[in-house]
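Note: the block below is my_file.pdb and it holds PDB, C-alpha atoms and all ligand atoms.
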```
ATOM      1  CA  MET A   1      58.280  65.488 105.060
ATOM      2  CA  ARG A   2      59.965  67.618 102.427
ATOM      3  CA  THR A   3      62.685  70.078 103.274
ATOM      4  CA  LEU A   4      63.011  73.040 100.974
ATOM      5  CA  PRO A   5      66.154  74.997 100.181
ATOM      6  CA  ILE A   6      65.869  78.292 102.016
ATOM      7  CA  LEU A   7      65.868  80.584  98.969
ATOM      8  CA  LEU A   8      63.123  78.621  97.299
ATOM      9  CA  ALA A   9      61.114  78.600 100.498
ATOM     10  CA  LEU A  10      61.474  82.338 100.908
ATOM     11  CA  ALA A  11      60.622  83.089  97.317
ATOM     12  CA  ALA A  12      57.557  80.959  97.936
ATOM     13  CA  PHE A  13      56.472  82.884 101.021
ATOM     14  CA  PRO A  14      53.654  85.005  99.672
ATOM     15  CA  LEU A  15      51.190  86.891 101.840
ATOM     16  CA  ALA A  16      48.639  84.070 101.536
ATOM     17  CA  ALA A  17      51.049  81.628 103.241
ATOM     18  CA  GLN A  18      51.775  84.180 105.968
ATOM     19  CA  GLN A  19      48.059  84.324 106.709
ATOM     20  CA  ASN A  20      47.083  80.663 106.342
ATOM     21  CA  PRO A  21      46.115  79.543 109.868
ATOM     22  CA  LEU A  22      46.888  75.892 109.078
ATOM     23  CA  LEU A  23      50.599  75.222 109.423
ATOM     24  CA  GLY A  24      52.318  72.879 106.984
ATOM     25  CA  GLU A  25      54.864  70.147 107.674
ATOM     26  CA  ASP A  26      57.767  71.207 105.426
ATOM     27  CA  PRO A  27      60.591  72.730 107.442
ATOM     28  CA  VAL A  28      63.194  75.049 105.945
ATOM     29  CA  LYS A  29      66.655  75.302 107.440
ATOM     30  CA  ILE A  30      67.575  78.672 108.932
ATOM     31  CA  SER A  31      70.948  77.790 110.522
ATOM     32  CA  ASP A  32      72.851  74.754 111.897
ATOM     33  CA  HIS A  33      70.368  73.986 114.690
ATOM     34  CA  VAL A  34      67.320  75.928 113.569
ATOM     35  CA  TRP A  35      64.461  74.909 111.306
ATOM     36  CA  ALA A  36      61.371  76.915 110.467
ATOM     37  CA  ILE A  37      57.836  76.138 109.463
ATOM     38  CA  MET A  38      56.885  79.251 107.532
ATOM     39  CA  GLY A  39      53.276  80.294 108.081
ATOM     40  CA  PHE A  40      50.943  82.041 110.535
ATOM     41  CA  PRO A  41      53.116  82.522 112.460
ATOM     42  CA  ASN A  42      56.593  81.307 111.479
ATOM     43  CA  ILE A  43      57.594  78.578 113.926
ATOM     44  CA  ALA A  44      61.166  77.763 114.966
ATOM     45  CA  ILE A  45      62.234  74.210 115.766
ATOM     46  CA  VAL A  46      65.662  74.116 117.393
ATOM     47  CA  THR A  47      67.320  70.716 117.508
ATOM     48  CA  GLY A  48      70.224  69.468 119.595
ATOM     49  CA  THR A  49      71.713  66.084 120.411
ATOM     50  CA  ARG A  50      69.697  65.722 123.637
ATOM     51  CA  ALA A  51      66.673  67.976 123.310
ATOM     52  CA  THR A  52      64.473  69.949 120.911
ATOM     53  CA  LEU A  53      62.860  73.345 121.469
ATOM     54  CA  VAL A  54      59.765  74.507 119.582
ATOM     55  CA  VAL A  55      59.068  78.241 119.578
ATOM     56  CA  ASP A  56      55.349  79.091 119.322
ATOM     57  CA  THR A  57      52.378  76.782 118.871
ATOM     58  CA  GLY A  58      50.298  77.977 115.928
ATOM     59  CA  LEU A  59      46.598  78.829 116.224
ATOM     60  CA  GLY A  60      45.065  76.136 118.402
ATOM     61  CA  PRO A  61      45.850  72.493 119.317
ATOM     62  CA  ARG A  62      45.533  71.107 115.773
ATOM     63  CA  ASN A  63      48.505  73.243 114.731
ATOM     64  CA  GLY A  64      50.318  72.345 117.932
ATOM     65  CA  ALA A  65      49.938  68.658 117.043
ATOM     66  CA  THR A  66      51.305  69.325 113.544
ATOM     67  CA  LEU A  67      54.371  70.988 115.048
ATOM     68  CA  ALA A  68      54.893  68.192 117.563
ATOM     69  CA  ARG A  69      54.916  65.728 114.632
ATOM     70  CA  VAL A  70      57.455  67.768 112.678
ATOM     71  CA  ALA A  71      59.590  68.225 115.798
ATOM     72  CA  ALA A  72      59.580  64.461 116.430
ATOM     73  CA  LYS A  73      60.853  63.810 112.901
ATOM     74  CA  LEU A  74      63.637  66.392 113.237
ATOM     75  CA  SER A  75      64.642  65.379 116.778
ATOM     76  CA  ALA A  76      67.477  63.152 117.946
ATOM     77  CA  PRO A  77      66.290  59.778 119.353
ATOM     78  CA  ASN A  78      64.803  60.105 122.851
ATOM     79  CA  ALA A  79      65.214  63.880 122.800
ATOM     80  CA  LYS A  80      63.373  65.881 125.449
ATOM     81  CA  LEU A  81      60.855  68.342 124.031
ATOM     82  CA  TYR A  82      60.682  71.950 125.210
ATOM     83  CA  LEU A  83      58.079  74.498 124.138
ATOM     84  CA  THR A  84      58.244  78.259 124.542
ATOM     85  CA  THR A  85      56.220  81.196 123.176
ATOM     86  CA  THR A  86      57.308  84.605 121.864
ATOM     87  CA  HIS A  87      54.205  86.230 123.405
ATOM     88  CA  PHE A  88      50.759  85.278 124.648
ATOM     89  CA  HIS A  89      48.691  86.043 121.500
ATOM     90  CA  PRO A  90      46.614  83.057 120.315
ATOM     91  CA  GLU A  91      48.481  82.173 117.096
ATOM     92  CA  HIS A  92      51.668  82.006 119.171
ATOM     93  CA  ALA A  93      50.474  80.349 122.355
ATOM     94  CA  ALA A  94      46.988  78.794 122.062
ATOM     95  CA  GLY A  95      48.107  75.470 120.577
ATOM     96  CA  ASP A  96      50.042  74.060 123.530
ATOM     97  CA  ALA A  97      47.448  71.331 124.173
ATOM     98  CA  GLY A  98      48.445  69.746 120.842
ATOM     99  CA  PHE A  99      51.897  68.847 122.191
ATOM    100  CA  PRO A 100      52.583  65.596 124.096
ATOM    101  CA  PRO A 101      51.927  65.835 127.850
ATOM    102  CA  THR A 102      55.620  65.334 128.612
ATOM    103  CA  THR A 103      56.515  68.584 126.788
ATOM    104  CA  ILE A 104      58.184  71.120 129.086
ATOM    105  CA  LEU A 105      56.493  74.508 128.665
ATOM    106  CA  ILE A 106      58.602  77.505 129.613
ATOM    107  CA  ARG A 107      57.975  81.253 129.376
ATOM    108  CA  ASN A 108      58.686  84.419 131.345
ATOM    109  CA  ASP A 109      56.448  85.356 134.261
ATOM    110  CA  LEU A 110      55.352  88.690 132.780
ATOM    111  CA  GLN A 111      54.135  86.926 129.616
ATOM    112  CA  GLN A 112      52.259  84.436 131.801
ATOM    113  CA  ARG A 113      50.693  87.328 133.710
ATOM    114  CA  GLU A 114      49.463  88.791 130.405
ATOM    115  CA  MET A 115      48.073  85.383 129.501
ATOM    116  CA  ASP A 116      46.234  85.217 132.843
ATOM    117  CA  LEU A 117      44.896  88.768 132.438
ATOM    118  CA  HIS A 118      44.034  88.909 128.733
ATOM    119  CA  GLY A 119      44.328  85.384 127.311
ATOM    120  CA  ALA A 120      40.637  84.461 127.454
ATOM    121  CA  GLU A 121      39.547  87.832 126.084
ATOM    122  CA  LEU A 122      41.891  87.518 123.088
ATOM    123  CA  LEU A 123      40.788  83.950 122.406
ATOM    124  CA  ALA A 124      37.200  85.222 122.219
ATOM    125  CA  THR A 125      38.218  88.044 119.856
ATOM    126  CA  PHE A 126      40.148  85.704 117.567
ATOM    127  CA  SER A 127      37.326  83.124 117.594
ATOM    128  CA  SER A 128      34.842  85.758 116.459
ATOM    129  CA  ARG A 129      36.857  86.614 113.318
ATOM    130  CA  ASN A 130      35.737  83.663 111.181
ATOM    131  CA  ALA A 131      34.421  80.103 111.299
ATOM    132  CA  GLN A 132      37.815  78.477 110.671
ATOM    133  CA  TRP A 133      39.525  80.345 113.500
ATOM    134  CA  LYS A 134      36.579  79.579 115.752
ATOM    135  CA  GLU A 135      36.944  75.863 115.020
ATOM    136  CA  LEU A 136      40.721  75.909 115.529
ATOM    137  CA  LEU A 137      40.281  77.638 118.886
ATOM    138  CA  ALA A 138      37.274  75.632 120.107
ATOM    139  CA  ASP A 139      37.767  74.275 123.636
ATOM    140  CA  VAL A 140      41.304  75.558 123.946
ATOM    141  CA  LYS A 141      42.670  74.596 127.333
ATOM    142  CA  LEU A 142      45.892  76.398 128.115
ATOM    143  CA  ARG A 143      48.514  74.533 130.096
ATOM    144  CA  THR A 144      50.226  75.872 133.136
ATOM    145  CA  PRO A 145      53.916  76.439 132.360
ATOM    146  CA  ASP A 146      56.363  73.976 133.895
ATOM    147  CA  VAL A 147      59.026  76.655 134.206
ATOM    148  CA  LEU A 148      58.665  80.410 134.666
ATOM    149  CA  TYR A 149      61.639  82.767 134.585
ATOM    150  CA  THR A 150      62.077  86.509 135.022
ATOM    151  CA  ASP A 151      64.849  87.873 132.760
ATOM    152  CA  GLU A 152      66.620  84.883 131.310
ATOM    153  CA  ALA A 153      66.551  81.107 131.117
ATOM    154  CA  LYS A 154      69.064  78.843 129.416
ATOM    155  CA  ILE A 155      68.134  75.576 127.761
ATOM    156  CA  ASP A 156      70.840  73.021 127.070
ATOM    157  CA  LEU A 157      69.943  71.039 123.954
ATOM    158  CA  GLY A 158      73.128  68.943 124.139
ATOM    159  CA  ASN A 159      75.332  70.514 121.492
ATOM    160  CA  ALA A 160      73.604  73.906 121.553
ATOM    161  CA  THR A 161      72.620  76.360 124.255
ATOM    162  CA  VAL A 162      69.529  78.499 123.791
ATOM    163  CA  ARG A 163      68.944  81.687 125.768
ATOM    164  CA  LEU A 164      65.352  82.759 126.418
ATOM    165  CA  LEU A 165      65.477  86.480 127.083
ATOM    166  CA  TRP A 166      63.116  89.090 128.415
ATOM    167  CA  PHE A 167      64.584  92.496 127.522
ATOM    168  CA  GLY A 168      61.500  94.664 128.187
ATOM    169  CA  GLY A 169      58.155  95.496 126.610
ATOM    170  CA  ALA A 170      57.732  96.031 122.860
ATOM    171  CA  HIS A 171      54.840  94.423 120.900
ATOM    172  CA  THR A 172      53.597  93.114 124.269
ATOM    173  CA  LYS A 173      54.964  93.499 127.777
ATOM    174  CA  GLY A 174      56.137  89.902 127.987
ATOM    175  CA  ASP A 175      57.849  89.570 124.593
ATOM    176  CA  GLU A 176      60.404  86.783 124.656
ATOM    177  CA  LEU A 177      63.489  86.686 122.445
ATOM    178  CA  ILE A 178      65.099  83.351 121.696
ATOM    179  CA  PHE A 179      68.825  83.342 120.928
ATOM    180  CA  ILE A 180      70.466  80.151 119.698
ATOM    181  CA  GLU A 181      74.032  80.746 120.797
ATOM    182  CA  PRO A 182      76.213  78.631 118.488
ATOM    183  CA  ASP A 183      74.298  79.779 115.366
ATOM    184  CA  ARG A 184      73.856  83.376 116.560
ATOM    185  CA  THR A 185      70.262  82.998 115.374
ATOM    186  CA  LEU A 186      67.545  85.170 116.908
ATOM    187  CA  VAL A 187      63.913  84.100 116.889
ATOM    188  CA  SER A 188      62.555  87.599 117.208
ATOM    189  CA  GLY A 189      58.753  87.371 117.466
ATOM    190  CA  ASP A 190      57.167  90.687 116.540
ATOM    191  CA  VAL A 191      60.061  92.655 118.038
ATOM    192  CA  VAL A 192      62.340  92.518 114.983
ATOM    193  CA  GLN A 193      60.543  92.029 111.700
ATOM    194  CA  ASN A 194      61.384  92.280 108.031
ATOM    195  CA  LYS A 195      59.934  95.346 106.263
ATOM    196  CA  THR A 196      56.874  95.113 108.482
ATOM    197  CA  VAL A 197      55.292  97.996 110.385
ATOM    198  CA  PRO A 198      55.723  97.551 114.155
ATOM    199  CA  ASN A 199      52.612  97.283 116.249
ATOM    200  CA  ILE A 200      52.176  97.812 119.977
ATOM    201  CA  ALA A 201      49.292  95.707 121.263
ATOM    202  CA  SER A 202      46.938  97.246 123.810
ATOM    203  CA  ASP A 203      48.621  97.022 127.224
ATOM    204  CA  GLY A 204      51.942  96.352 125.446
ATOM    205  CA  GLY A 205      55.269  98.197 125.664
ATOM    206  CA  THR A 206      56.047 101.762 124.567
ATOM    207  CA  PRO A 207      58.087 103.082 121.626
ATOM    208  CA  ALA A 208      60.842 104.006 124.104
ATOM    209  CA  SER A 209      60.912 100.563 125.722
ATOM    210  CA  TRP A 210      60.897  98.922 122.265
ATOM    211  CA  LEU A 211      63.998 100.949 121.300
ATOM    212  CA  ALA A 212      65.688  99.958 124.564
ATOM    213  CA  VAL A 213      64.972  96.301 123.774
ATOM    214  CA  LEU A 214      66.530  96.730 120.319
ATOM    215  CA  ASP A 215      69.708  98.151 121.884
ATOM    216  CA  LYS A 216      70.015  95.041 124.034
ATOM    217  CA  ILE A 217      69.439  92.837 120.995
ATOM    218  CA  ALA A 218      72.110  94.734 119.057
ATOM    219  CA  ALA A 219      74.622  93.732 121.749
ATOM    220  CA  LEU A 220      73.979  90.042 120.963
ATOM    221  CA  ASN A 221      75.638  90.412 117.547
ATOM    222  CA  VAL A 222      73.009  88.429 115.682
ATOM    223  CA  PHE A 223      73.742  86.681 112.351
ATOM    224  CA  HIS A 224      70.319  85.282 111.434
ATOM    225  CA  VAL A 225      66.853  86.555 112.334
ATOM    226  CA  LEU A 226      63.639  84.564 112.104
ATOM    227  CA  PRO A 227      60.686  86.935 112.640
ATOM    228  CA  ASP A 228      57.189  85.558 113.238
ATOM    229  CA  HIS A 229      55.205  87.322 110.508
ATOM    230  CA  SER A 230      57.752  88.129 107.802
ATOM    231  CA  ALA A 231      60.665  86.602 105.906
ATOM    232  CA  PRO A 232      63.941  85.670 107.656
ATOM    233  CA  GLY A 233      67.023  87.811 107.197
ATOM    234  CA  ASP A 234      70.429  88.610 108.627
ATOM    235  CA  GLY A 235      71.509  90.810 111.535
ATOM    236  CA  SER A 236      70.802  93.961 109.530
ATOM    237  CA  LEU A 237      67.112  93.495 110.359
ATOM    238  CA  VAL A 238      67.907  94.639 113.909
ATOM    239  CA  THR A 239      69.434  97.900 112.656
ATOM    240  CA  GLN A 240      66.568  98.351 110.196
ATOM    241  CA  GLU A 241      63.929  97.927 112.921
ATOM    242  CA  LYS A 242      65.661 100.490 115.102
ATOM    243  CA  ALA A 243      65.975 102.992 112.240
ATOM    244  CA  PHE A 244      62.314 102.624 111.292
ATOM    245  CA  ILE A 245      61.003 103.063 114.841
ATOM    246  CA  THR A 246      63.387 105.973 115.447
ATOM    247  CA  ASP A 247      62.125 107.661 112.270
ATOM    248  CA  ILE A 248      58.487 107.311 113.326
ATOM    249  CA  ARG A 249      59.184 108.509 116.834
ATOM    250  CA  THR A 250      61.343 111.495 115.884
ATOM    251  CA  ARG A 251      58.777 112.788 113.357
ATOM    252  CA  ALA A 252      55.775 112.102 115.596
ATOM    253  CA  GLN A 253      57.399 113.910 118.527
ATOM    254  CA  ALA A 254      58.166 116.929 116.312
ATOM    255  CA  LEU A 255      54.604 117.064 114.972
ATOM    256  CA  LYS A 256      53.194 116.745 118.478
ATOM    257  CA  LYS A 257      55.315 119.725 119.555
ATOM    258  CA  GLN A 258      53.849 121.712 116.648
ATOM    259  CA  GLY A 259      50.345 120.927 117.905
ATOM    260  CA  VAL A 260      49.417 118.591 115.044
ATOM    261  CA  SER A 261      46.703 116.077 116.014
ATOM    262  CA  ALA A 262      47.648 112.420 116.412
ATOM    263  CA  ASP A 263      45.418 111.454 113.468
ATOM    264  CA  ASP A 264      46.947 114.016 111.123
ATOM    265  CA  ALA A 265      50.438 113.116 112.283
ATOM    266  CA  GLY A 266      49.688 109.453 111.591
ATOM    267  CA  LYS A 267      48.774 110.251 108.001
ATOM    268  CA  GLN A 268      51.702 112.550 107.467
ATOM    269  CA  VAL A 269      54.356 110.245 108.915
ATOM    270  CA  SER A 270      52.937 107.280 106.949
ATOM    271  CA  THR A 271      53.297 109.252 103.705
ATOM    272  CA  GLU A 272      56.823 110.383 104.539
ATOM    273  CA  LEU A 273      57.896 106.825 105.339
ATOM    274  CA  LYS A 274      56.384 105.558 102.103
ATOM    275  CA  ALA A 275      58.870 107.735 100.231
ATOM    276  CA  LYS A 276      61.831 106.724 102.405
ATOM    277  CA  TYR A 277      60.988 102.999 102.686
ATOM    278  CA  SER A 278      59.643 102.556  99.172
ATOM    279  CA  ASP A 279      60.310  98.795  99.057
ATOM    280  CA  TRP A 280      58.121  98.095 102.105
ATOM    281  CA  PRO A 281      54.694  96.690 101.197
ATOM    282  CA  ASN A 282      52.974  99.051 103.648
ATOM    283  CA  THR A 283      54.037 102.012 105.774
ATOM    284  CA  ASN A 284      50.796 102.816 107.568
ATOM    285  CA  VAL A 285      52.135 103.764 110.985
ATOM    286  CA  ALA A 286      49.042 105.599 112.271
ATOM    287  CA  ASN A 287      48.734 103.307 115.311
ATOM    288  CA  PHE A 288      52.400 103.526 116.183
ATOM    289  CA  VAL A 289      52.230 107.328 115.964
ATOM    290  CA  LYS A 290      49.371 107.204 118.492
ATOM    291  CA  SER A 291      51.647 105.187 120.788
ATOM    292  CA  VAL A 292      54.316 107.897 120.480
ATOM    293  CA  TYR A 293      51.741 110.580 121.279
ATOM    294  CA  ALA A 294      50.717 108.588 124.360
ATOM    295  CA  GLU A 295      54.266 108.353 125.726
TER     296      GLU A 295
HETATM  297 ZN    ZN B 301      51.088  89.403 118.475
HETATM  298 ZN    ZN B 302      51.248  87.176 115.709
END
```
Would you put the structure from the file into structure tokens?
Amino acid sequence: MRTLPILLALAAFPLAAQQNPLLGEDPVKISDHVWAIMGFPNIAIVTGTRATLVVDTGLGPRNGATLARVAAKLSAPNAKLYLTTTHFHPEHAAGDAGFPPTTILIRNDLQQREMDLHGAELLATFSSRNAQWKELLADVKLRTPDVLYTDEAKIDLGNATVRLLWFGGAHTKGDELIFIEPDRTLVSGDVVQNKTVPNIASDGGTPASWLAVLDKIAALNVFHVLPDHSAPGDGSLVTQEKAFITDIRTRAQALKKQGVSADDAGKQVSTELKAKYSDWPNTNVANFVKSVYAE
């Protein structure tokens, strides 16, 4: 197992790596207790003196097994293994069967409800995308969580406490935020990303609830952010996410008032944001504008 210096790893985090469904085994260090496997999606491995927490599973059990191997190498001797998921989508949650049976799976009850309602349907959709995804998701059997919580759970890793937080709906209804207290590191899922257009999944949160979640995150005073589909950054990513969503929402609400159609507003706001956020790879916010119109 190689460990890469963070700057090198981030420089070497091109789009292809972000989309490769096979996770690698080379962790990069994010903060004192937090490692990341950068890929589809980025995975956090949080290590303490008594226990290890893995956040997200990768797409299917083969990726889950890869992560369990990496976690074992990074873990203290005889450490307990915990697993949690940022949300129920397959690249985040469909690989739990690859972890050892003694792994303690924990998530919030709303996320589990979404899994029960829409998990199978999404697995079918993802499997139909291409042959590789189909193979990775063949015969996925999802485990029943060992622990369900409502708003917050704390995991004691020995020399580090991790807070699992449900602050409200954003990308999905059951989005979980993982805050590693001593490092002030946030594993942010899709809720705080780096120069990446936000996306509300069908049956997810609303623009208003997403902004409310960001206000609660701001109160955590985060130092490091590890998003799931973009490069890590510092606490300014939280402010940036809020500014971007506020900009979309303010403009979309104004255009709606003027009677502009949602489709036209989507095009117009995307163009305006391209000028303002010129260093973002893409500012197509048509779907998010539709979510604002639906509020
Ligand atoms: Zn997702
Ligand atoms: Zn994802």
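With only C-alpha atoms as the atoms that count, the residue of A:Leu136, A:Phe179, A:Gly235, A:Val292 with the shortest distance to Asp263 (chain A) is A:Val292.
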List the spatial neighbours of region 272-278 of chain A as an mmCIF file with C-alpha atoms, in the frame of the given file - criterion: any atom at most 10 Å away, all atoms listed in the file, same-chain residues fewer than 2 positions off excluded.
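Output saved as part-v8.cif:
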```
data_model
loop_
_atom_site.group_PDB
_atom_site.id
_atom_site.type_symbol
_atom_site.label_atom_id
_atom_site.label_comp_id
_atom_site.auth_asym_id
_atom_site.auth_seq_id
_atom_site.Cartn_x
_atom_site.Cartn_y
_atom_site.Cartn_z
ATOM 1 C CA LYS A 195 59.934 95.346 106.263
ATOM 2 C CA PHE A 244 62.314 102.624 111.292
ATOM 3 C CA ASP A 247 62.125 107.661 112.270
ATOM 4 C CA ILE A 248 58.487 107.311 113.326
ATOM 5 C CA ARG A 251 58.777 112.788 113.357
ATOM 6 C CA LYS A 267 48.774 110.251 108.001
ATOM 7 C CA GLN A 268 51.702 112.550 107.467
ATOM 8 C CA VAL A 269 54.356 110.245 108.915
ATOM 9 C CA SER A 270 52.937 107.280 106.949
ATOM 10 C CA TRP A 280 58.121 98.095 102.105
ATOM 11 C CA PRO A 281 54.694 96.690 101.197
ATOM 12 C CA ASN A 282 52.974 99.051 103.648
ATOM 13 C CA THR A 283 54.037 102.012 105.774
ATOM 14 C CA ASN A 284 50.796 102.816 107.568
ATOM 15 C CA VAL A 285 52.135 103.764 110.985
#
```
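Take the PyMOL selection byres (((not hetatm)) within 7 of (chain B and resi 301)) and apply it to this file: it picks A:His87, A:His89, A:His171, A:Asp190.
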Practice task
Could you give me, as a PyMOL selection string, every polymer residue with an atom at most 12 Å away from an atom of ligand ZN 302 (chain B), counting only C-alpha atoms and all ligand atoms?
Solution key: chain A and resi 18-19+21+39-43+56-59+85-94+122+126+171-172+175+188-191+193+198-201+227-230
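We find CA of Glu181 (chain A) and CA of Thr52 (chain A) to be spaced 14.4 Å apart.
Restricting the calculation to all atoms listed in the file, the smallest distance between Gly233 (chain A) and any of A:Ile245, A:Thr250, A:Val192, A:Glu152 is found for A:Val192.
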Can I get the residues of region 188-292 of chain A within 12 Å of region 162-167 of chain A, each with the closest pair of atoms and their distance in Å to one decimal, using only C-alpha atoms, sorted chain first then ascending number, as JSON lines?
```
{"residue": "A:Ser188", "atom": "CA", "partner": "A:Leu165", "partner_atom": "CA", "distance": 10.4}
{"residue": "A:Gly189", "atom": "CA", "partner": "A:Leu165", "partner_atom": "CA", "distance": 11.8}
{"residue": "A:Val191", "atom": "CA", "partner": "A:Phe167", "partner_atom": "CA", "distance": 10.5}
{"residue": "A:Gly205", "atom": "CA", "partner": "A:Phe167", "partner_atom": "CA", "distance": 11.1}
{"residue": "A:Ser209", "atom": "CA", "partner": "A:Phe167", "partner_atom": "CA", "distance": 9.0}
{"residue": "A:Trp210", "atom": "CA", "partner": "A:Phe167", "partner_atom": "CA", "distance": 9.1}
{"residue": "A:Leu211", "atom": "CA", "partner": "A:Phe167", "partner_atom": "CA", "distance": 10.5}
{"residue": "A:Ala212", "atom": "CA", "partner": "A:Phe167", "partner_atom": "CA", "distance": 8.1}
{"residue": "A:Val213", "atom": "CA", "partner": "A:Phe167", "partner_atom": "CA", "distance": 5.4}
{"residue": "A:Leu214", "atom": "CA", "partner": "A:Phe167", "partner_atom": "CA", "distance": 8.6}
{"residue": "A:Asp215", "atom": "CA", "partner": "A:Phe167", "partner_atom": "CA", "distance": 9.5}
{"residue": "A:Lys216", "atom": "CA", "partner": "A:Phe167", "partner_atom": "CA", "distance": 6.9}
{"residue": "A:Ile217", "atom": "CA", "partner": "A:Phe167", "partner_atom": "CA", "distance": 8.1}
{"residue": "A:Ala218", "atom": "CA", "partner": "A:Phe167", "partner_atom": "CA", "distance": 11.5}
{"residue": "A:Ala219", "atom": "CA", "partner": "A:Phe167", "partner_atom": "CA", "distance": 11.6}
{"residue": "A:Leu220", "atom": "CA", "partner": "A:Arg163", "partner_atom": "CA", "distance": 10.9}
```
Practice task
Quick one: everything within 10 Å of Lys141 (chain A), counting only C-alpha atoms, minus sequence neighbours fewer than 4 positions away in the same chain. Send it as a PyMOL selection string.
Solution key: chain A and resi 60-61+94-98+137
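For the residues A:Val289, A:Leu67, A:Ile37, A:Ala16, ranking by smallest atom-to-atom distance to Leu255 (chain A) using all atoms listed in the file places A:Val289 first.
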Practice task
Might you pull out every residue within 12 Å of Glu25 (chain A), with all atoms listed in the file counted and same-chain residues fewer than 4 positions away left off, and present them as a ChimeraX atom specification?
Solution key: /A:1-4,35-39,42-43,45,63-74
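Distances to Gly259 (chain A) were evaluated for A:Asn194, A:Asp146, A:Tyr293, A:Asn287 using only C-alpha atoms, and the minimum falls at A:Tyr293.
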Practice task
Evaluate the PyMOL selection byres (((chain A and resi 34) around 10) and not hetatm) on the structure here and hand back the selected residues as a PyMOL selection string.
Solution key: chain A and resi 27-33+35-36+44-48+52-54+180+183+185-187+226
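With all atoms listed in the file as the atoms that count, the minimum distance from Ala294 (chain A) to the choices A:Ala265, A:Pro207, A:Thr239, A:Pro232 is reached by A:Pro207.
With distances restricted to only C-alpha atoms, A:Ala120 is the closest residue to Asp139 (chain A) from A:Ala120, A:Gln111, A:Gly174, A:Thr246.
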